[in-house]
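Asks: Would you mind keeping the following structure in view while I ask a few things?
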Amino acid sequence: MTKVTGAAGDPPYLRIVAAIRRRIADGELAPGDRVPSTRQIAREWGVALATATKALTTLRLEGLVEARPRIGTVVAGTAPAPPARRRPSPAPDPEQELSLDRIVRTAIEIADAEGLSALSMRGVAARLGVAAMSTYRYVPSKEDLVLHMADAAYGEDSYRADAPENWRTRIELGARTLWSLYRKHPWLAQLGSLTRPLLVPNLMVHGEWVLGALDGHGLDPTTLFDIHVLIYSHVQGLAVHLEMEAHAEAATGQSEDQWMDSRAPALQELVESGRFPTFAKVVGSFKDGYDLRLDALFEFGLKALLDGLTSIIEGQEAVT
């Protein structure tokens, strides 16, 4: 971890700015080179994501770095001088090219790369190269922007018109489609809870797919909807850990394995305490430790859930 140094009394973000500025001035980072991302800064300097975001924003405002689509934040290059005695053509006004879709896609890129906590209206405007207030003409607040982001992200995958006839095949397809979206956009699973669901049209598309698979099997409406909620909670309940782990890694500078290794003495104390014999037996039986794989756990849980629901869905159908 790099120690944050600089003028005494300077806030951490300014000391990070000074360090990156020196790298650019010394030629360590040349025009077009990628600069550390928000997460990398948080790990390298041991600061919070908000501090790292503020440092990058300051560098952007100084004109030292710029955001490039599908590349990330890079050292800004020097524009070539115009030919002598020729009046340069006026640069296009980026604000005239703004659209809600561009703002939403840029916000999604930031959230995908740096986490939802790094997202701000000012940061989106800076990446687009427009005045901070320009984006408010298209979306009134960050909360509204996040709703647009969620709707766009959920809409990236849909379902074919010729749905599988088998209810289980259809539900498996729906659950795996949602899981792939959460894998692609880890922040997405953080936005809504079961008790306060996210009501955006493209999430409803996925719900409609599962409800359509369950409909027509003789289930009463409450049972049908309970099953739908259980299936969704399995997918979303595991997916929330994707973003949580990314935040934890950025905040601590440790990978999941490194964090577990650092907790080995505490784990050993629990095992040897004698208070948890079953836990000690199971943990002691792992030859190479327990590897928590979310993708495998998702598939294992989905199969177990659908196996358990089969008698309810198909049994009720047989009765009717």
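Lettering and numbering for the structure tokens are positional, with chains as A, B, ... in the shown order, residues counted from 1 in each chain, and ligands counted from 1 in the shown order.
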Determine, counting only C-alpha atoms, which protein, DNA and RNA residues have an atom within 6 Å of an atom of Val65 (chain A); residues of the same chain fewer than 2 positions away are not included. Present the result as a list in words.
Replies: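 Selected residues are Leu59, Arg60, Gly63, Val74, Val75 and Ala76 of chain A.
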Asks: Go through A:Leu242, A:Leu145, A:Tyr138, A:Tyr232 and flag the residue nearest Leu188 (chain A), using only C-alpha atoms for the distances.
Replies: A:Leu242
Asks: Glu272 (chain A): which residues within 12 Å, counting only C-alpha atoms, same-chain residues fewer than 6 positions away excluded, as an MDAnalysis selection string?
Replies: chainID A and resid 265:266 278:281 283:284
Asks: I need the residue nearest Leu198 (chain A) from this list: A:His234, A:Arg170, A:His148, A:Arg127. Use only C-alpha atoms for the distance.
Replies: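 With only C-alpha atoms as the atom set, the closest residue is A:His148.
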Asks: Apply DSSP to the backbone of this structure and, from region 50-284 of chain A, keep only the residues in alpha helix (DSSP H); write these as a ChimeraX atom specification.
Replies: /A:50-61,100-114,121-128,142-154,167-184,201-214,221-252,256-262,264-272,277-284
Asks: Could you give me, as a list in words, the residues within 6 Å of region 107-117 of chain A, counting only C-alpha atoms and dropping anything in the same chain fewer than 6 positions from it?
Replies: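 Residues meeting the cut-off are Thr38, Val124, His185 and Trp187 of chain A.
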Asks: Hey, can you spit out that residue selection with C-alpha atoms as a PDB file, in the first residue's frame?
Replies:
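selection_7.pdb, written as the output of this step:
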```
ATOM      1  CA  THR A  38     -11.197   4.525  -8.116  1.00  0.00           C
ATOM      2  CA  VAL A 124     -21.113  11.762 -15.044  1.00  0.00           C
ATOM      3  CA  HIS A 185     -23.671  -5.114 -13.300  1.00  0.00           C
ATOM      4  CA  TRP A 187     -24.435  -2.826  -8.302  1.00  0.00           C
TER       5      TRP A 187
END
```
Asks: List the neighbours of Ala239 (chain A) out to 9 Å using only C-alpha atoms; skip same-chain residues closer than 2 positions along the sequence, and give me the result as JSON, numbers by chain.
Replies: {"A": [179, 182, 183, 186, 187, 188, 189, 190, 234, 235, 236, 237, 241, 242, 243, 294, 298]}
Asks: Which neighbours of Tyr154 (chain A) fall inside 10 Å, counting only C-alpha atoms, when residues of the same chain fewer than 5 positions from it are skipped, and could you give them as a VMD selection string?
Replies: chain A and resid 149 177 to 178 181 to 182 185 188 200 to 206
Asks: Generate a file of the selected residues that holds all heavy atoms, formatted as a CSV table (one decimal), in the first residue's frame.
Replies:
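Once everything was written out, this is again_31.csv:
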```csv
chain,number,residue,atom,x,y,z
A,149,MET,N,-30.9,3.9,-14.9
A,149,MET,CA,-29.8,2.9,-15.1
A,149,MET,C,-30.3,1.5,-14.9
A,149,MET,O,-29.9,0.6,-15.7
A,149,MET,CB,-28.6,3.2,-14.1
A,149,MET,CG,-27.9,4.5,-14.3
A,149,MET,SD,-26.9,5.0,-12.9
A,149,MET,CE,-25.8,3.5,-12.7
A,177,THR,N,-30.8,-15.8,-16.6
A,177,THR,CA,-30.7,-14.5,-17.3
A,177,THR,C,-30.5,-13.4,-16.3
A,177,THR,O,-29.6,-12.5,-16.4
A,177,THR,CB,-32.0,-14.3,-18.1
A,177,THR,OG1,-32.1,-15.3,-19.1
A,177,THR,CG2,-31.9,-12.9,-18.8
A,178,LEU,N,-31.2,-13.4,-15.2
A,178,LEU,CA,-31.1,-12.4,-14.1
A,178,LEU,C,-29.7,-12.5,-13.5
A,178,LEU,O,-29.0,-11.5,-13.3
A,178,LEU,CB,-32.1,-12.6,-13.0
A,178,LEU,CG,-33.4,-11.8,-13.1
A,178,LEU,CD1,-34.3,-12.2,-11.9
A,178,LEU,CD2,-33.2,-10.3,-13.2
A,181,LEU,N,-27.1,-10.9,-15.6
A,181,LEU,CA,-27.2,-9.4,-15.5
A,181,LEU,C,-26.5,-8.9,-14.3
A,181,LEU,O,-25.9,-7.9,-14.3
A,181,LEU,CB,-28.6,-9.0,-15.6
A,181,LEU,CG,-29.3,-9.1,-17.0
A,181,LEU,CD1,-30.8,-8.8,-16.9
A,181,LEU,CD2,-28.7,-8.2,-18.0
A,182,TYR,N,-26.8,-9.6,-13.2
A,182,TYR,CA,-26.1,-9.2,-11.9
A,182,TYR,C,-24.6,-9.4,-12.0
A,182,TYR,O,-23.9,-8.6,-11.4
A,182,TYR,CB,-26.7,-9.9,-10.7
A,182,TYR,CG,-28.1,-9.6,-10.4
A,182,TYR,CD1,-29.1,-10.5,-10.1
A,182,TYR,CD2,-28.5,-8.2,-10.3
A,182,TYR,CE1,-30.4,-10.2,-9.8
A,182,TYR,CE2,-29.8,-7.9,-10.0
A,182,TYR,CZ,-30.7,-8.8,-9.7
A,182,TYR,OH,-32.0,-8.5,-9.4
A,185,HIS,N,-23.5,-6.4,-14.0
A,185,HIS,CA,-23.7,-5.1,-13.3
A,185,HIS,C,-23.9,-5.4,-11.8
A,185,HIS,O,-25.0,-5.4,-11.3
A,185,HIS,CB,-24.9,-4.4,-13.8
A,185,HIS,CG,-24.9,-4.2,-15.3
A,185,HIS,ND1,-24.0,-3.3,-16.0
A,185,HIS,CD2,-25.7,-4.7,-16.3
A,185,HIS,CE1,-24.3,-3.3,-17.3
A,185,HIS,NE2,-25.3,-4.2,-17.5
A,188,LEU,N,-26.4,-3.7,-9.4
A,188,LEU,CA,-27.8,-3.8,-9.7
A,188,LEU,C,-28.6,-4.5,-8.6
A,188,LEU,O,-29.7,-4.1,-8.3
A,188,LEU,CB,-28.0,-4.5,-11.0
A,188,LEU,CG,-29.3,-4.4,-11.8
A,188,LEU,CD1,-29.7,-3.0,-12.0
A,188,LEU,CD2,-29.3,-5.2,-13.1
A,200,VAL,N,-39.5,-1.0,-12.0
A,200,VAL,CA,-39.1,-0.5,-13.3
A,200,VAL,C,-39.5,-1.5,-14.4
A,200,VAL,O,-39.5,-2.7,-14.1
A,200,VAL,CB,-37.6,-0.2,-13.4
A,200,VAL,CG1,-37.2,0.9,-12.5
A,200,VAL,CG2,-36.8,-1.5,-13.1
A,201,PRO,N,-40.0,-1.0,-15.6
A,201,PRO,CA,-40.6,-1.9,-16.6
A,201,PRO,C,-39.7,-3.1,-16.9
A,201,PRO,O,-40.2,-4.2,-17.0
A,201,PRO,CB,-40.8,-1.0,-17.8
A,201,PRO,CG,-41.0,0.4,-17.2
A,201,PRO,CD,-40.0,0.4,-16.0
A,202,ASN,N,-38.4,-2.9,-17.1
A,202,ASN,CA,-37.6,-4.0,-17.6
A,202,ASN,C,-37.3,-5.1,-16.6
A,202,ASN,O,-37.0,-6.2,-16.9
A,202,ASN,CB,-36.3,-3.5,-18.2
A,202,ASN,CG,-36.5,-2.9,-19.6
A,202,ASN,OD1,-37.3,-3.5,-20.4
A,202,ASN,ND2,-35.9,-1.8,-20.0
A,203,LEU,N,-37.4,-4.7,-15.3
A,203,LEU,CA,-37.4,-5.8,-14.3
A,203,LEU,C,-38.7,-6.6,-14.3
A,203,LEU,O,-38.7,-7.8,-14.1
A,203,LEU,CB,-37.1,-5.2,-12.9
A,203,LEU,CG,-37.1,-6.2,-11.7
A,203,LEU,CD1,-36.1,-7.3,-11.9
A,203,LEU,CD2,-36.8,-5.4,-10.4
A,204,MET,N,-39.8,-5.9,-14.5
A,204,MET,CA,-41.1,-6.6,-14.6
A,204,MET,C,-41.1,-7.6,-15.7
A,204,MET,O,-41.8,-8.6,-15.7
A,204,MET,CB,-42.2,-5.5,-14.8
A,204,MET,CG,-42.4,-4.6,-13.7
A,204,MET,SD,-43.0,-5.4,-12.2
A,204,MET,CE,-44.7,-5.9,-12.8
A,205,VAL,N,-40.3,-7.3,-16.8
A,205,VAL,CA,-40.2,-8.3,-17.9
A,205,VAL,C,-39.7,-9.7,-17.4
A,205,VAL,O,-40.3,-10.7,-17.7
A,205,VAL,CB,-39.3,-7.8,-19.0
A,205,VAL,CG1,-39.0,-8.9,-20.0
A,205,VAL,CG2,-39.9,-6.6,-19.7
A,206,HIS,N,-38.7,-9.6,-16.5
A,206,HIS,CA,-38.2,-10.9,-15.9
A,206,HIS,C,-39.2,-11.5,-15.0
A,206,HIS,O,-39.3,-12.8,-14.9
A,206,HIS,CB,-36.9,-10.6,-15.2
A,206,HIS,CG,-35.8,-10.0,-16.1
A,206,HIS,ND1,-35.1,-10.8,-17.0
A,206,HIS,CD2,-35.4,-8.8,-16.3
A,206,HIS,CE1,-34.3,-10.0,-17.7
A,206,HIS,NE2,-34.4,-8.8,-17.3
```
Asks: Using only C-alpha atoms, which protein or nucleic acid residues come within 10 Å of Glu249 (chain A)? Drop anything in the same chain fewer than 3 positions from it, and give the result as a VMD selection string.
Replies: chain A and resid 39 to 40 42 to 43 243 to 246 252 to 256 258 to 259
